[in-house]
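**Q** Dropping in start.pdb, with PDB, C-alpha atoms.
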```
ATOM      1  CA  MET A 452      -2.353 -12.963 -11.127
ATOM      2  CA  THR A 453       0.186 -10.404  -9.958
ATOM      3  CA  VAL A 454       0.693 -10.396  -6.216
ATOM      4  CA  LYS A 455       2.431  -7.876  -3.994
ATOM      5  CA  LEU A 456       4.125  -8.260  -0.683
ATOM      6  CA  VAL A 457       3.102  -5.117   1.184
ATOM      7  CA  VAL A 458       4.911  -3.840   4.267
ATOM      8  CA  LEU A 459       3.628  -0.995   6.426
ATOM      9  CA  TYR A 460       6.460   0.194   8.658
ATOM     10  CA  THR A 461       5.422   1.903  11.847
ATOM     11  CA  GLN A 462       7.210   5.044  13.088
ATOM     12  CA  PRO A 463      10.904   4.372  13.826
ATOM     13  CA  SER A 464      12.470   5.912  16.922
ATOM     14  CA  ASP A 465      15.139   7.535  14.710
ATOM     15  CA  ALA A 466      13.741   8.302  11.265
ATOM     16  CA  ASP A 467      17.063   9.398   9.748
ATOM     17  CA  ALA A 468      18.866   6.259  10.907
ATOM     18  CA  PHE A 469      15.962   4.138   9.673
ATOM     19  CA  ASP A 470      15.985   5.705   6.218
ATOM     20  CA  ARG A 471      19.761   5.398   5.961
ATOM     21  CA  HIS A 472      19.555   1.674   6.681
ATOM     22  CA  TYR A 473      16.443   1.225   4.586
ATOM     23  CA  LEU A 474      17.781   2.906   1.461
ATOM     24  CA  GLY A 475      21.439   1.946   1.845
ATOM     25  CA  THR A 476      21.181  -1.646   3.073
ATOM     26  CA  HIS A 477      17.647  -2.994   2.896
ATOM     27  CA  MET A 478      16.652  -1.923  -0.622
ATOM     28  CA  PRO A 479      19.796  -3.420  -2.210
ATOM     29  CA  LEU A 480      18.872  -6.729  -0.528
ATOM     30  CA  VAL A 481      15.306  -6.408  -1.834
ATOM     31  CA  ARG A 482      16.449  -5.711  -5.379
ATOM     32  CA  ALA A 483      18.568  -8.891  -5.407
ATOM     33  CA  ILE A 484      15.574 -11.150  -4.691
ATOM     34  CA  PRO A 485      15.056 -13.583  -7.598
ATOM     35  CA  GLY A 486      11.649 -13.312  -9.244
ATOM     36  CA  LEU A 487      11.064  -9.761  -8.038
ATOM     37  CA  GLN A 488       9.339  -7.822 -10.812
ATOM     38  CA  ARG A 489       9.255  -4.396  -9.232
ATOM     39  CA  ALA A 490       9.794  -2.750  -5.855
ATOM     40  CA  GLU A 491       8.148   0.493  -4.842
ATOM     41  CA  SER A 492       8.522   2.325  -1.573
ATOM     42  CA  GLY A 493       8.112   5.724  -0.035
ATOM     43  CA  ARG A 494       7.502   7.687   3.105
ATOM     44  CA  ILE A 495       4.022   8.676   4.112
ATOM     45  CA  GLY A 496       3.353  12.393   3.952
ATOM     46  CA  ALA A 497      -0.055  13.439   5.220
ATOM     47  CA  TYR A 498      -2.815  11.406   6.830
ATOM     48  CA  LEU A 499      -6.117  12.488   5.297
ATOM     49  CA  ASP A 500      -8.308  10.548   7.719
ATOM     50  CA  GLY A 501      -7.526  12.615  10.804
ATOM     51  CA  GLY A 502      -6.328   9.464  12.554
ATOM     52  CA  GLU A 503      -3.155   8.435  14.277
ATOM     53  CA  GLN A 504       0.092   8.535  12.244
ATOM     54  CA  THR A 505       0.500   4.797  12.698
ATOM     55  CA  PHE A 506       2.692   4.085   9.695
ATOM     56  CA  TYR A 507       5.868   5.763   8.498
ATOM     57  CA  ARG A 508       6.766   4.053   5.229
ATOM     58  CA  VAL A 509       5.174   1.661   2.750
ATOM     59  CA  ALA A 510       7.054  -0.924   0.690
ATOM     60  CA  GLU A 511       5.601  -3.074  -2.070
ATOM     61  CA  LEU A 512       7.311  -5.987  -3.806
ATOM     62  CA  TYR A 513       5.672  -7.244  -7.003
ATOM     63  CA  PHE A 514       5.779 -10.870  -8.180
ATOM     64  CA  ALA A 515       4.213 -12.605 -11.186
ATOM     65  CA  ASP A 516       2.085 -14.819  -8.954
ATOM     66  CA  GLN A 517       1.823 -16.432  -5.521
ATOM     67  CA  GLN A 518       4.197 -19.237  -6.517
ATOM     68  CA  ALA A 519       6.924 -16.769  -7.567
ATOM     69  CA  LEU A 520       6.519 -14.904  -4.288
ATOM     70  CA  GLU A 521       6.859 -18.079  -2.235
ATOM     71  CA  ALA A 522       9.879 -19.237  -4.253
ATOM     72  CA  SER A 523      11.588 -15.897  -3.677
ATOM     73  CA  PHE A 524      11.271 -16.328   0.070
ATOM     74  CA  GLY A 525      12.989 -19.667  -0.076
ATOM     75  CA  SER A 526      16.020 -18.193  -1.840
ATOM     76  CA  ASP A 527      19.186 -17.101  -0.052
ATOM     77  CA  GLU A 528      18.489 -13.509  -1.107
ATOM     78  CA  GLY A 529      14.950 -13.715   0.223
ATOM     79  CA  LYS A 530      16.185 -15.066   3.542
ATOM     80  CA  ALA A 531      18.828 -12.325   3.802
ATOM     81  CA  THR A 532      16.144  -9.710   3.168
ATOM     82  CA  ALA A 533      13.824 -11.253   5.755
ATOM     83  CA  ALA A 534      16.631 -11.299   8.333
ATOM     84  CA  ASP A 535      17.367  -7.623   7.690
ATOM     85  CA  TYR A 536      13.645  -6.826   7.923
ATOM     86  CA  GLN A 537      13.618  -8.327  11.406
ATOM     87  CA  GLN A 538      16.436  -5.930  12.329
ATOM     88  CA  ILE A 539      14.800  -2.742  11.102
ATOM     89  CA  ALA A 540      11.003  -3.110  11.283
ATOM     90  CA  PRO A 541       9.639  -1.148  14.251
ATOM     91  CA  PRO A 542       7.160  -3.009  16.490
ATOM     92  CA  GLY A 543       3.655  -3.171  15.066
ATOM     93  CA  SER A 544       4.808  -3.085  11.430
ATOM     94  CA  ARG A 545       2.451  -5.021   9.168
ATOM     95  CA  MET A 546       3.203  -7.450   6.334
ATOM     96  CA  PHE A 547       0.658  -9.016   4.034
ATOM     97  CA  VAL A 548       0.159 -10.370   0.535
ATOM     98  CA  GLN A 549      -2.185  -8.508  -1.785
ATOM     99  CA  ALA A 550      -3.639  -9.818  -5.033
ATOM    100  CA  VAL A 551      -3.613  -7.062  -7.660
ATOM    101  CA  ASP A 552      -6.868  -6.592  -9.580
ATOM    102  CA  GLU A 553      -6.349  -6.884 -13.327
TER     103      GLU A 553
ATOM    104  CA  MET B 424       7.738  13.481  -7.506
ATOM    105  CA  THR B 425       5.019  10.901  -7.983
ATOM    106  CA  VAL B 426       2.581  10.707  -5.100
ATOM    107  CA  LYS B 427      -0.036   8.114  -4.270
ATOM    108  CA  LEU B 428      -3.238   8.346  -2.362
ATOM    109  CA  VAL B 429      -3.330   5.096  -0.395
ATOM    110  CA  VAL B 430      -6.483   3.691   1.168
ATOM    111  CA  LEU B 431      -6.502   0.724   3.531
ATOM    112  CA  TYR B 432     -10.069  -0.539   3.838
ATOM    113  CA  THR B 433     -10.883  -2.427   7.004
ATOM    114  CA  GLN B 434     -12.997  -5.590   6.943
ATOM    115  CA  PRO B 435     -16.524  -4.913   5.635
ATOM    116  CA  SER B 436     -19.490  -6.564   7.315
ATOM    117  CA  ASP B 437     -20.540  -8.042   3.945
ATOM    118  CA  ALA B 438     -17.496  -8.653   1.755
ATOM    119  CA  ASP B 439     -19.475  -9.629  -1.350
ATOM    120  CA  ALA B 440     -21.679  -6.529  -1.184
ATOM    121  CA  PHE B 441     -18.583  -4.387  -0.573
ATOM    122  CA  ASP B 442     -16.741  -5.777  -3.583
ATOM    123  CA  ARG B 443     -19.804  -5.411  -5.787
ATOM    124  CA  HIS B 444     -20.071  -1.723  -4.889
ATOM    125  CA  TYR B 445     -16.327  -1.214  -4.976
ATOM    126  CA  LEU B 446     -15.765  -2.726  -8.413
ATOM    127  CA  GLY B 447     -19.081  -1.733  -9.991
ATOM    128  CA  THR B 448     -19.565   1.792  -8.640
ATOM    129  CA  HIS B 449     -16.498   3.097  -6.835
ATOM    130  CA  MET B 450     -13.777   2.197  -9.324
ATOM    131  CA  PRO B 451     -15.609   3.817 -12.273
ATOM    132  CA  LEU B 452     -15.764   7.019 -10.191
ATOM    133  CA  VAL B 453     -12.044   6.722  -9.402
ATOM    134  CA  ARG B 454     -11.124   6.211 -13.039
ATOM    135  CA  ALA B 455     -12.942   9.420 -14.025
ATOM    136  CA  ILE B 456     -10.819  11.599 -11.706
ATOM    137  CA  PRO B 457      -8.865  14.158 -13.765
ATOM    138  CA  GLY B 458      -5.104  13.926 -13.352
ATOM    139  CA  LEU B 459      -5.198  10.318 -12.195
ATOM    140  CA  GLN B 460      -2.252   8.488 -13.732
ATOM    141  CA  ARG B 461      -2.967   4.999 -12.514
ATOM    142  CA  ALA B 462      -5.197   3.188 -10.042
ATOM    143  CA  GLU B 463      -4.302  -0.130  -8.475
ATOM    144  CA  SER B 464      -6.337  -2.115  -6.011
ATOM    145  CA  GLY B 465      -6.767  -5.592  -4.669
ATOM    146  CA  ARG B 466      -7.883  -7.724  -1.788
ATOM    147  CA  ILE B 467      -5.470  -8.821   0.877
ATOM    148  CA  GLY B 468      -4.758 -12.534   0.904
ATOM    149  CA  ALA B 469      -2.550 -13.676   3.753
ATOM    150  CA  TYR B 470      -1.096 -11.778   6.684
ATOM    151  CA  LEU B 471       2.528 -12.829   7.104
ATOM    152  CA  ASP B 472       3.064 -11.048  10.422
ATOM    153  CA  GLY B 473       0.781 -13.235  12.487
ATOM    154  CA  GLY B 474      -1.196 -10.158  13.489
ATOM    155  CA  GLU B 475      -4.832  -9.164  13.303
ATOM    156  CA  GLN B 476      -6.486  -9.147   9.853
ATOM    157  CA  THR B 477      -7.121  -5.437  10.198
ATOM    158  CA  PHE B 478      -7.383  -4.538   6.525
ATOM    159  CA  TYR B 479      -9.406  -6.104   3.739
ATOM    160  CA  ARG B 480      -8.456  -4.218   0.594
ATOM    161  CA  VAL B 481      -5.825  -1.721  -0.535
ATOM    162  CA  ALA B 482      -6.347   0.989  -3.145
ATOM    163  CA  GLU B 483      -3.681   3.256  -4.591
ATOM    164  CA  LEU B 484      -4.233   6.280  -6.818
ATOM    165  CA  TYR B 485      -1.161   7.664  -8.579
ATOM    166  CA  PHE B 486      -0.670  11.336  -9.436
ATOM    167  CA  ALA B 487       2.232  13.209 -11.051
ATOM    168  CA  ASP B 488       2.794  15.282  -7.913
ATOM    169  CA  GLN B 489       1.172  16.718  -4.806
ATOM    170  CA  GLN B 490      -0.350  19.593  -6.777
ATOM    171  CA  ALA B 491      -2.053  17.228  -9.233
ATOM    172  CA  LEU B 492      -3.434  15.192  -6.346
ATOM    173  CA  GLU B 493      -4.861  18.263  -4.638
ATOM    174  CA  ALA B 494      -6.354  19.570  -7.891
ATOM    175  CA  SER B 495      -8.058  16.230  -8.491
ATOM    176  CA  PHE B 496      -9.807  16.462  -5.150
ATOM    177  CA  GLY B 497     -11.233  19.838  -6.007
ATOM    178  CA  SER B 498     -12.824  18.506  -9.184
ATOM    179  CA  ASP B 499     -16.436  17.370  -9.437
ATOM    180  CA  GLU B 500     -15.236  13.831 -10.147
ATOM    181  CA  GLY B 501     -12.959  13.913  -7.103
ATOM    182  CA  LYS B 502     -15.798  15.108  -4.896
ATOM    183  CA  ALA B 503     -18.129  12.406  -6.232
ATOM    184  CA  THR B 504     -15.480   9.779  -5.464
ATOM    185  CA  ALA B 505     -14.926  11.154  -1.971
ATOM    186  CA  ALA B 506     -18.675  11.106  -1.285
ATOM    187  CA  ASP B 507     -18.893   7.486  -2.407
ATOM    188  CA  TYR B 508     -15.857   6.618  -0.270
ATOM    189  CA  GLN B 509     -17.726   7.936   2.765
ATOM    190  CA  GLN B 510     -20.557   5.545   1.920
ATOM    191  CA  ILE B 511     -18.474   2.409   1.603
ATOM    192  CA  ALA B 512     -15.372   2.710   3.793
ATOM    193  CA  PRO B 513     -15.774   0.572   6.924
ATOM    194  CA  PRO B 514     -14.910   2.283  10.240
ATOM    195  CA  GLY B 515     -11.180   2.487  10.916
ATOM    196  CA  SER B 516     -10.214   2.574   7.230
ATOM    197  CA  ARG B 517      -7.037   4.587   6.680
ATOM    198  CA  MET B 518      -6.196   7.168   4.022
ATOM    199  CA  PHE B 519      -2.847   8.818   3.509
ATOM    200  CA  VAL B 520      -0.571  10.345   0.898
ATOM    201  CA  GLN B 521       2.678   8.563   0.095
ATOM    202  CA  ALA B 522       5.626  10.011  -1.807
ATOM    203  CA  VAL B 523       7.028   7.392  -4.168
ATOM    204  CA  ASP B 524      10.820   6.964  -4.086
ATOM    205  CA  GLU B 525      12.333   7.471  -7.508
TER     206      GLU B 525
END
```
Translate the structure of the given file into structure tokens.
**A**
Amino acid sequence: MTVKLVVLYTQPSDADAFDRHYLGTHMPLVRAIPGLQRAESGRIGAYLDGGEQTFYRVAELYFADQQALEASFGSDEGKATAADYQQIAPPGSRMFVQAVDE
Amino acid sequence: MTVKLVVLYTQPSDADAFDRHYLGTHMPLVRAIPGLQRAESGRIGAYLDGGEQTFYRVAELYFADQQALEASFGSDEGKATAADYQQIAPPGSRMFVQAVDE
């Protein structure tokens, strides 16, 4: 069963600097992760629920299954990506694994 | 530019009843929405951030662009889906539009 690593980035203090780092440095690290099937990301436009604009950007990393996801995190590329994530993720950012319905 | 309607469902009081309604009633309504390119959904497994298990399920509806998304919401099928969403979404569920990076 396909699984995704989903990251919800909260609002950065400097959106332009965040996006520069995200697109120029972080995404190349993501794309080098072994076992990654697909990566999708994008900024949030409008909130339709009338609530707080908690999150700024969503990122989703697709893997064939839970085992492939875990293996990717043990790789050097996975560790480099995780280290960079720690540098850029604003406080309160969320990260979880989602099983994709077939 | 592809846009997604993203829904983050918070934890339902009865997960089995929620999933039954979600998969049996809500998803058929979603799939009938005109202009919908793709729908993807799934339950959240593990939280990797050590934080609260705020969300239970993620749903993403893909449209060709913002205009297609807005048109879909004006349709009878879109309105029926929105009405059903109001019935099932636990309090605190989030809904936003995300632009997908090309």
**Q** Contacts from chain B to chain A, 6 Å maximum, only C-alpha atoms: show me the residue list as a PyMOL selection string.
**A** chain B and resi 464-472+518-524
**Q** List the residues matched by the PyMOL selection byres ((chain B and resi 513) around 8) in the displayed structure as an MDAnalysis selection string, ordered by chain and then by residue number.
**A** chainID B and resid 432:435 511:512 514:516
**Q** Can you give me, as a list in words, the residues this file yields under the PyMOL selection byres ((chain B and resi 497-507) around 10)?
**A** His444, Tyr445, Thr448, His449, Met450, Pro451, Leu452, Val453, Arg454, Ala455, Ile456, Pro457, Gly458, Leu459, Leu492, Glu493, Ala494, Ser495, Phe496, Tyr508, Gln509, Gln510, Ile511 and Ala512 of chain B
**Q** Please identify all polymer residues lying at most 7 Å from the point (-1.2, 11.7, -13.0) (file coordinates), using only C-alpha atoms, and present the result as a PyMOL selection string.
**A** chain B and resi 458-461+485-487+491
**Q** Figure out the distance between atom CA of Leu459 of chain A and atom CA of Asp516 of chain A, please, to one decimal in Å.
**A**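 According to the coordinates, atom CA of Asp516 of chain A and atom CA of Leu459 of chain A are separated by 20.7 Å.
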**Q** Could you tell me how far atom CA of Met452 of chain A lies from atom CA of Phe441 of chain B, in Å and to one decimal?
**A**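 Taking atom CA of Met452 of chain A and atom CA of Phe441 of chain B, their separation equals 21.2 Å.
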**Q** For atom CA of Leu512 of chain A and atom CA of Glu483 of chain B, determine how far apart the two atoms are, in Å to one decimal place.
**A**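 Separation between atom CA of Leu512 of chain A and atom CA of Glu483 of chain B: 14.4 Å.
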**Q** How big is the axis-aligned box around the listed atoms of segment 507-523 of chain B once 4 Å is added on each side, and where is its centre? Give both in Å to one decimal, as lines of an AutoDock Vina configuration file.
**A**
```
center_x = -6.8
center_y = 5.5
center_z = 3.4
size_x = 35.6
size_y = 17.8
size_z = 23.1
```
